[in-house]
Amino acid sequence: MENNNASNSLTVRIKLNHKPGVLAKVTHTIGENGGNIGAIDIAHSGDDYIVRDITIFASSPKHGDEIINALKQIDDAEVINYSDRTFLIHLGGKIETVSKIPIKTRDDLSMAYTPGVARVCQSIHKNPDDAHKLTIKSNTIAVISDGTAVLGLGDIGPYAAMPVMEGKAMLFKDFGGINAFPICLDTKDVEEIIKTIKIIAPGFGGINLEDISAPRCFEIEKRLKDELDIPVFHDDQHGTAVVLTAALINSLKVVKKDPKDIKVVIAGVGAAGTACTKMLLNMGIKNIIGCDRTGALFKGRDNMNESKKEYASITNPNSEKGSLKEIMHKADVFVGVSGPNIIDEDDLKNMNKDSIVFPMSNPTPEIDPEIAYKHAAIVGTGRSDYPNQINNVLCFPGIFKGALECKATTINEEMKLAAAVAIANTISESHLHPDYIIPSVFHPEIAEKVAEEVIKAAIKTNVIKQPRD
């Protein structure tokens with residue numbers, strides 16, 4: 001059974017008769033059915049009853065229903081209602097816009113809006129670069145998706161994708177101090193998506209592409225980077241790659257292996273897998289083998305689209321052939337960005353000593369982390385309930401923060417690698433440990449450190465509009 005967690009938690013309002021031991025029966029029933037109790041609060045009471053709100057952590061919606069049904073069987077207790085806490089925080093959406101200045105007087109109104117705003121408009125008309133100084137553009141990102149590759153849910157469409165895009169906008173604000181607007185497009189047509197983003201681009205300082213399926217995402221990002229003068233970043237590709245690279249930099253320090261000597265197997269060669277591979281090559285790793293459902297990619301293999309042919313041309317230097325399980329033999333690193341439960345205990349036994357295993361699919365990884373711990377020296381996942389969470393929020397707020405501050409026109413490979421190194425270096429070598437190779441997403445210095453290194457890389461590679469003060 002999965003671990004109990006906040007994302008599957010409930011708040012139950014239950015009426016208890018004023019009799020000794022009734023609350024004890026309730027708490028015992030919750031524990032007996034595998035639930036964890038959070039808070040117990042009194043809502044109100046009467047002469048012969050008391051109403052309590054109890055927070056319960058379950059492992060899944062089905063598990064939560066089982067606990068509720070058990071509570072309904074208790075004598076002297078009545079379940080009045082219960083709510084899914086995750087759904088509650090999404091009611092009405094999770095974000096809002098607020099004014100930076102109060103409008104309390106006629107003077108306020110005349111400066112913020114008409115007639116005073118006309119002079120600001122004229123200034124921008126004469127010098128369009130003033131939009132960076134005089135509008136929200138200077139610190140605002142568009143988070144854009146077509147809903148075709150949302151989390152591990154797949155093509156669920158633009159309406160169902162909105163909660164994720166709202167969440168991404170929250171992370172930009174809370175972790176990087178950057179404004180972000182969620183925009184979901186009701187089209188899968190590559191040309192329509194590119195045209196739409198170009199049309200709305202004047203209001204934004206950067207574009208964060210999100211949850212767009214491969215191989216379409218490759219062309220969309222490439223075209224937009226070529227045709228816009230603001231940073232364009234597909235986080236599913238590059239955010240994953242940056243944080244994975246940071247985790248691997250520190251993991252190799254712990255197991256004392258050299259990047260150029262190791263064998264890396266990547267399960268999944270879509271958007272994330274391809275970007276991870278390219279960053280690891282830039283990091284100095286020579287032997288990387290990508291696997292899809294058919295098995296290893298190698299030059300000349302049948303049944304490969306253009307993106308896979310390109311992938312095969314830069315990887316698998318020894319032309320290894322076979323299934324994922326066969327390719328795992330003598331591997332030092334496994335990276336999973338594909339789907340749940342595709343490798344097993346025997347596959348890990350076939351890896352080299354002091355192996356590094358990163359099953360990153362969410363919510364169910366490529367192998368149960370509890371099994372991976374038995375055989376791997378270091379394990380990292382995309383989940384928050386295990387050590388070493390490889391989470392994109394470690395990088396994208398800081399990357400965009402740096403890019404916006406220096407008015408970068410793009411986010412290039414040098415800037416991404418600089419971000420990965422900055423994340424890795426947040427942990428001193430003396431503090432590195434198999435369960436601590438990547439900092440917490442709540443580390444207070446991450447965004448600033450990443451931004452500073454990104455700015456240095458942008459200046460060094462000359463991709464800024466003007467010199468920074």
# chains A, B, ... in the order shown; residues from 1 in each chain; ligands from 1

$ residues_around --residues "A:Lys460" --least-positions-apart "3" --cutoff "12 Å" --atoms "only C-alpha atoms" --output "VMD selection string"
chain A and resid 406 408 412 414 to 415 418 453 to 457 463 to 464 467 to 468

$ select_by_dssp --residues "stretch 253-362 of chain A" --states "strand (DSSP E)" --output "ChimeraX atom specification"
/A:263-267,287-291,333-336,356-359

$ atom_distance --atom1 "atom CA of A:Gly38" --atom2 "atom CA of A:Asp76"
22.1 Å

$ residues_around --residues "stretch 171-178 of chain A" --least-positions-apart "5" --cutoff "8 Å" --atoms "only C-alpha atoms" --output "mmCIF file with C-alpha atoms, in the first residue's frame"
data_model
loop_
_atom_site.group_PDB
_atom_site.id
_atom_site.type_symbol
_atom_site.label_atom_id
_atom_site.label_comp_id
_atom_site.auth_asym_id
_atom_site.auth_seq_id
_atom_site.Cartn_x
_atom_site.Cartn_y
_atom_site.Cartn_z
ATOM 1 C CA ASN A 139 8.396 40.030 -14.203
ATOM 2 C CA THR A 140 5.651 37.947 -15.776
ATOM 3 C CA ILE A 141 5.588 34.489 -17.355
ATOM 4 C CA VAL A 393 10.480 23.567 -8.684
ATOM 5 C CA PHE A 396 12.419 26.913 -13.018
ATOM 6 C CA PRO A 397 11.696 29.816 -10.615
ATOM 7 C CA GLY A 398 15.415 30.628 -10.369
ATOM 8 C CA LYS A 401 14.218 34.930 -12.288
ATOM 9 C CA ALA A 447 16.068 30.589 -6.402
#

$ atom_distance --atom1 "atom CA of A:Ile156" --atom2 "atom CA of A:Gly336"
22.4 Å

$ select_by_dssp --residues "stretch 32-185 of chain A" --states "helix (DSSP H, G or I)" --output "MDAnalysis selection string"
chainID A and resid 32 61:71 85:90 106:112 117:126 128:134 136:139 157:176

$ residues_around --residues "stretch 231-246 of chain A" --least-positions-apart "3" --cutoff "9 Å" --atoms "only C-alpha atoms" --output "JSON list (two decimals) with N, CA and C atoms, in the first residue's frame"
[["chain", "number", "residue", "atom", "x", "y", "z"],
["A", 205, "GLY", "N", 7.26, 38.43, -20.23],
["A", 205, "GLY", "CA", 8.71, 38.46, -20.29],
["A", 205, "GLY", "C", 9.31, 37.12, -20.63],
["A", 206, "GLY", "N", 8.49, 36.06, -20.60],
["A", 206, "GLY", "CA", 8.98, 34.72, -20.92],
["A", 206, "GLY", "C", 7.82, 33.77, -21.10],
["A", 207, "ILE", "N", 8.08, 32.64, -21.74],
["A", 207, "ILE", "CA", 7.05, 31.63, -21.99],
["A", 207, "ILE", "C", 7.50, 30.31, -21.38],
["A", 208, "ASN", "N", 6.68, 29.76, -20.48],
["A", 208, "ASN", "CA", 6.93, 28.44, -19.92],
["A", 208, "ASN", "C", 5.94, 27.46, -20.54],
["A", 209, "LEU", "N", 6.44, 26.60, -21.43],
["A", 209, "LEU", "CA", 5.59, 25.58, -22.04],
["A", 209, "LEU", "C", 5.46, 24.41, -21.08],
["A", 210, "GLU", "N", 4.27, 23.83, -21.01],
["A", 210, "GLU", "CA", 4.01, 22.82, -19.99],
["A", 210, "GLU", "C", 3.09, 21.73, -20.54],
["A", 211, "ASP", "N", 3.45, 20.49, -20.30],
["A", 211, "ASP", "CA", 2.57, 19.35, -20.56],
["A", 211, "ASP", "C", 2.06, 19.32, -22.00],
["A", 212, "ILE", "N", 2.98, 19.50, -22.94],
["A", 212, "ILE", "CA", 2.69, 19.35, -24.36],
["A", 212, "ILE", "C", 3.39, 18.08, -24.83],
["A", 217, "CYS", "N", 6.11, 18.89, -29.02],
["A", 217, "CYS", "CA", 6.70, 19.89, -28.14],
["A", 217, "CYS", "C", 8.07, 20.35, -28.63],
["A", 218, "PHE", "N", 8.81, 19.46, -29.31],
["A", 218, "PHE", "CA", 10.15, 19.82, -29.79],
["A", 218, "PHE", "C", 10.06, 20.93, -30.84],
["A", 221, "GLU", "N", 8.71, 24.35, -29.31],
["A", 221, "GLU", "CA", 9.73, 25.09, -28.57],
["A", 221, "GLU", "C", 10.79, 25.67, -29.51],
["A", 222, "LYS", "N", 11.26, 24.86, -30.44],
["A", 222, "LYS", "CA", 12.31, 25.32, -31.35],
["A", 222, "LYS", "C", 11.83, 26.53, -32.16],
["A", 224, "LEU", "N", 9.43, 28.67, -31.51],
["A", 224, "LEU", "CA", 9.21, 29.85, -30.66],
["A", 224, "LEU", "C", 10.53, 30.47, -30.23],
["A", 225, "LYS", "N", 11.53, 29.64, -29.94],
["A", 225, "LYS", "CA", 12.85, 30.19, -29.58],
["A", 225, "LYS", "C", 13.46, 30.94, -30.75],
["A", 228, "LEU", "N", 10.82, 34.34, -31.32],
["A", 228, "LEU", "CA", 10.56, 35.31, -30.27],
["A", 228, "LEU", "C", 11.88, 35.80, -29.67],
["A", 249, "ILE", "N", 25.14, 14.92, -10.28],
["A", 249, "ILE", "CA", 26.44, 15.52, -9.92],
["A", 249, "ILE", "C", 26.81, 15.15, -8.49],
["A", 250, "ASN", "N", 25.85, 15.31, -7.58],
["A", 250, "ASN", "CA", 26.13, 15.03, -6.18],
["A", 250, "ASN", "C", 26.18, 13.53, -5.89],
["A", 251, "SER", "N", 25.36, 12.75, -6.59],
["A", 251, "SER", "CA", 25.37, 11.30, -6.38],
["A", 251, "SER", "C", 26.72, 10.69, -6.75],
["A", 270, "GLY", "N", 11.03, 10.37, -24.60],
["A", 270, "GLY", "CA", 10.16, 11.46, -25.01],
["A", 270, "GLY", "C", 10.79, 12.79, -24.68],
["A", 271, "ALA", "N", 9.96, 13.77, -24.34],
["A", 271, "ALA", "CA", 10.45, 15.12, -24.09],
["A", 271, "ALA", "C", 11.46, 15.15, -22.95],
["A", 272, "ALA", "N", 11.09, 14.59, -21.79],
["A", 272, "ALA", "CA", 11.98, 14.64, -20.63],
["A", 272, "ALA", "C", 13.23, 13.80, -20.84],
["A", 273, "GLY", "N", 13.05, 12.59, -21.36],
["A", 273, "GLY", "CA", 14.20, 11.70, -21.56],
["A", 273, "GLY", "C", 15.23, 12.27, -22.51],
["A", 274, "THR", "N", 14.76, 12.90, -23.58],
["A", 274, "THR", "CA", 15.68, 13.49, -24.55],
["A", 274, "THR", "C", 16.45, 14.65, -23.95],
["A", 275, "ALA", "N", 15.76, 15.52, -23.23],
["A", 275, "ALA", "CA", 16.43, 16.67, -22.61],
["A", 275, "ALA", "C", 17.41, 16.21, -21.54],
["A", 276, "CYS", "N", 17.02, 15.22, -20.74],
["A", 276, "CYS", "CA", 17.93, 14.69, -19.72],
["A", 276, "CYS", "C", 19.20, 14.15, -20.36],
["A", 277, "THR", "N", 19.03, 13.43, -21.46],
["A", 277, "THR", "CA", 20.19, 12.86, -22.15],
["A", 277, "THR", "C", 21.15, 13.94, -22.62],
["A", 278, "LYS", "N", 20.62, 14.98, -23.23],
["A", 278, "LYS", "CA", 21.48, 16.04, -23.76],
["A", 278, "LYS", "C", 22.23, 16.76, -22.65],
["A", 279, "MET", "N", 21.58, 16.97, -21.52],
["A", 279, "MET", "CA", 22.28, 17.63, -20.41],
["A", 279, "MET", "C", 23.36, 16.74, -19.83],
["A", 280, "LEU", "N", 23.08, 15.45, -19.73],
["A", 280, "LEU", "CA", 24.09, 14.53, -19.18],
["A", 280, "LEU", "C", 25.28, 14.41, -20.12],
["A", 283, "MET", "N", 27.34, 17.27, -19.46],
["A", 283, "MET", "CA", 28.01, 17.11, -18.17],
["A", 283, "MET", "C", 29.29, 16.27, -18.29],
["A", 335, "VAL", "N", 17.72, 5.93, -15.03],
["A", 335, "VAL", "CA", 16.84, 7.10, -14.97],
["A", 335, "VAL", "C", 15.51, 6.70, -15.61],
["A", 358, "PHE", "N", 17.10, 6.39, -10.28],
["A", 358, "PHE", "CA", 16.19, 7.52, -10.25],
["A", 358, "PHE", "C", 14.89, 7.18, -10.99],
["A", 390, "ILE", "N", 13.38, 14.67, -6.78],
["A", 390, "ILE", "CA", 13.87, 15.35, -7.98],
["A", 390, "ILE", "C", 12.69, 16.14, -8.54],
["A", 391, "ASN", "N", 12.60, 17.39, -8.11],
["A", 391, "ASN", "CA", 11.42, 18.22, -8.36],
["A", 391, "ASN", "C", 11.81, 19.45, -9.17],
["A", 392, "ASN", "N", 11.10, 19.69, -10.26],
["A", 392, "ASN", "CA", 11.42, 20.82, -11.13],
["A", 392, "ASN", "C", 11.35, 22.18, -10.45],
["A", 393, "VAL", "N", 10.61, 22.27, -9.35],
["A", 393, "VAL", "CA", 10.48, 23.57, -8.68],
["A", 393, "VAL", "C", 11.82, 24.05, -8.13],
["A", 394, "LEU", "N", 12.80, 23.15, -8.05],
["A", 394, "LEU", "CA", 14.14, 23.56, -7.64],
["A", 394, "LEU", "C", 14.80, 24.46, -8.67],
["A", 395, "CYS", "N", 14.34, 24.40, -9.93],
["A", 395, "CYS", "CA", 15.08, 25.14, -10.96],
["A", 395, "CYS", "C", 14.29, 26.22, -11.68],
["A", 396, "PHE", "N", 13.03, 25.95, -12.09],
["A", 396, "PHE", "CA", 12.42, 26.91, -13.02],
["A", 396, "PHE", "C", 12.16, 28.30, -12.42],
["A", 400, "PHE", "N", 14.06, 31.40, -14.53],
["A", 400, "PHE", "CA", 13.33, 32.53, -15.09],
["A", 400, "PHE", "C", 13.64, 33.83, -14.35],
["A", 403, "ALA", "N", 16.82, 34.97, -15.90],
["A", 403, "ALA", "CA", 16.62, 35.37, -17.29],
["A", 403, "ALA", "C", 15.89, 36.70, -17.39],
["A", 404, "LEU", "N", 14.88, 36.90, -16.53],
["A", 404, "LEU", "CA", 14.13, 38.16, -16.56],
["A", 404, "LEU", "C", 14.97, 39.32, -16.06],
["A", 407, "LYS", "N", 17.30, 40.38, -18.74],
["A", 407, "LYS", "CA", 16.67, 40.54, -20.05],
["A", 407, "LYS", "C", 17.29, 39.61, -21.08],
["A", 408, "ALA", "N", 17.43, 38.34, -20.70],
["A", 408, "ALA", "CA", 17.95, 37.35, -21.64],
["A", 408, "ALA", "C", 16.96, 37.12, -22.76],
["A", 409, "THR", "N", 17.45, 36.87, -23.94],
["A", 409, "THR", "CA", 16.58, 36.61, -25.08],
["A", 409, "THR", "C", 16.28, 35.13, -25.24],
["A", 410, "THR", "N", 16.98, 34.30, -24.51],
["A", 410, "THR", "CA", 16.77, 32.85, -24.59],
["A", 410, "THR", "C", 17.28, 32.21, -23.31],
["A", 411, "ILE", "N", 17.01, 30.91, -23.15],
["A", 411, "ILE", "CA", 17.61, 30.12, -22.08],
["A", 411, "ILE", "C", 18.40, 29.02, -22.77],
["A", 416, "LYS", "N", 21.33, 26.49, -18.47],
["A", 416, "LYS", "CA", 20.71, 25.34, -17.81],
["A", 416, "LYS", "C", 21.74, 24.55, -17.00],
["A", 417, "LEU", "N", 22.92, 24.35, -17.57],
["A", 417, "LEU", "CA", 23.96, 23.63, -16.83],
["A", 417, "LEU", "C", 24.42, 24.44, -15.62],
["A", 418, "ALA", "N", 24.48, 25.75, -15.77],
["A", 418, "ALA", "CA", 24.84, 26.62, -14.64],
["A", 418, "ALA", "C", 23.81, 26.48, -13.52],
["A", 419, "ALA", "N", 22.53, 26.35, -13.89],
["A", 419, "ALA", "CA", 21.47, 26.15, -12.89],
["A", 419, "ALA", "C", 21.65, 24.82, -12.17],
["A", 420, "ALA", "N", 21.97, 23.77, -12.91],
["A", 420, "ALA", "CA", 22.16, 22.45, -12.31],
["A", 420, "ALA", "C", 23.32, 22.47, -11.32],
["A", 421, "VAL", "N", 24.42, 23.10, -11.70],
["A", 421, "VAL", "CA", 25.59, 23.17, -10.82],
["A", 421, "VAL", "C", 25.26, 23.99, -9.57],
["A", 422, "ALA", "N", 24.51, 25.06, -9.75],
["A", 422, "ALA", "CA", 24.12, 25.90, -8.60],
["A", 422, "ALA", "C", 23.28, 25.12, -7.61],
["A", 423, "ILE", "N", 22.35, 24.33, -8.12],
["A", 423, "ILE", "CA", 21.51, 23.50, -7.24],
["A", 423, "ILE", "C", 22.37, 22.48, -6.50],
["A", 424, "ALA", "N", 23.24, 21.80, -7.24],
["A", 424, "ALA", "CA", 24.11, 20.80, -6.62],
["A", 424, "ALA", "C", 25.00, 21.42, -5.54],
["A", 425, "ASN", "N", 25.55, 22.59, -5.83],
["A", 425, "ASN", "CA", 26.50, 23.22, -4.90],
["A", 425, "ASN", "C", 25.84, 23.81, -3.67],
["A", 437, "ILE", "N", 21.17, 14.14, -1.49],
["A", 437, "ILE", "CA", 21.98, 14.53, -2.64],
["A", 437, "ILE", "C", 21.33, 15.67, -3.42],
["A", 438, "ILE", "N", 20.16, 16.07, -2.98],
["A", 438, "ILE", "CA", 19.46, 17.18, -3.64],
["A", 438, "ILE", "C", 18.79, 18.01, -2.56]]

$ residues_around --residues "stretch 321-326 of chain A" --least-positions-apart "4" --cutoff "10 Å" --atoms "only C-alpha atoms" --output "mmCIF file with C-alpha atoms, in the first residue's frame"
data_model
loop_
_atom_site.group_PDB
_atom_site.id
_atom_site.type_symbol
_atom_site.label_atom_id
_atom_site.label_comp_id
_atom_site.auth_asym_id
_atom_site.auth_seq_id
_atom_site.Cartn_x
_atom_site.Cartn_y
_atom_site.Cartn_z
ATOM 1 C CA VAL A 265 20.308 3.813 -18.947
ATOM 2 C CA ILE A 266 17.334 6.081 -19.579
ATOM 3 C CA ALA A 267 13.868 4.536 -19.799
ATOM 4 C CA ILE A 289 21.596 4.357 -23.742
ATOM 5 C CA GLY A 290 17.959 5.332 -24.197
ATOM 6 C CA CYS A 291 15.204 2.726 -24.267
ATOM 7 C CA ASP A 292 11.630 2.861 -25.522
ATOM 8 C CA ARG A 293 9.013 0.082 -25.497
ATOM 9 C CA THR A 294 10.929 -1.752 -28.223
ATOM 10 C CA GLY A 295 14.239 -1.615 -26.360
ATOM 11 C CA ALA A 296 17.539 0.186 -26.837
ATOM 12 C CA LEU A 297 17.858 2.939 -29.438
ATOM 13 C CA PHE A 298 20.840 2.510 -31.731
ATOM 14 C CA ARG A 301 17.257 0.515 -35.773
ATOM 15 C CA ASN A 316 24.795 4.358 -27.322
ATOM 16 C CA LYS A 330 26.313 -3.516 -15.762
ATOM 17 C CA ILE A 342 8.708 -1.385 -15.735
ATOM 18 C CA ILE A 343 11.765 -2.779 -13.916
ATOM 19 C CA ASP A 344 12.101 -5.194 -11.005
ATOM 20 C CA ASP A 346 16.415 -8.627 -10.653
ATOM 21 C CA ASP A 347 17.174 -5.679 -12.942
ATOM 22 C CA LEU A 348 18.743 -3.789 -10.040
ATOM 23 C CA ASN A 350 22.266 -6.812 -12.601
#

$ closest_residue --among "A:Pro182, A:Ser319, A:Val333, A:Ser361" --to "A:Gly268" --atoms "only C-alpha atoms"
A:Ser361

$ residues_around --residues "stretch 71-73 of chain A" --least-positions-apart "2" --cutoff "9 Å" --atoms "only C-alpha atoms" --output "MDAnalysis selection string"
chainID A and resid 14 26 29:30 66:69 75 77:79

$ residues_around --residues "A:Pro387" --least-positions-apart "3" --cutoff "7 Å" --atoms "only C-alpha atoms" --output "list of chain:residue names"
A:Gly380, A:Asp435, A:Tyr436

$ closest_residue --among "A:Thr114, A:Ser123, A:Asn3, A:Thr196" --to "A:Arg383" --atoms "only C-alpha atoms"
A:Asn3

$ atom_distance --atom1 "atom CA of A:Lys15" --atom2 "atom CA of A:Pro61"
22.7 Å

$ closest_residue --among "A:Lys188, A:His44, A:Arg85, A:Lys104" --to "A:Ser213" --atoms "only C-alpha atoms"
A:Lys188
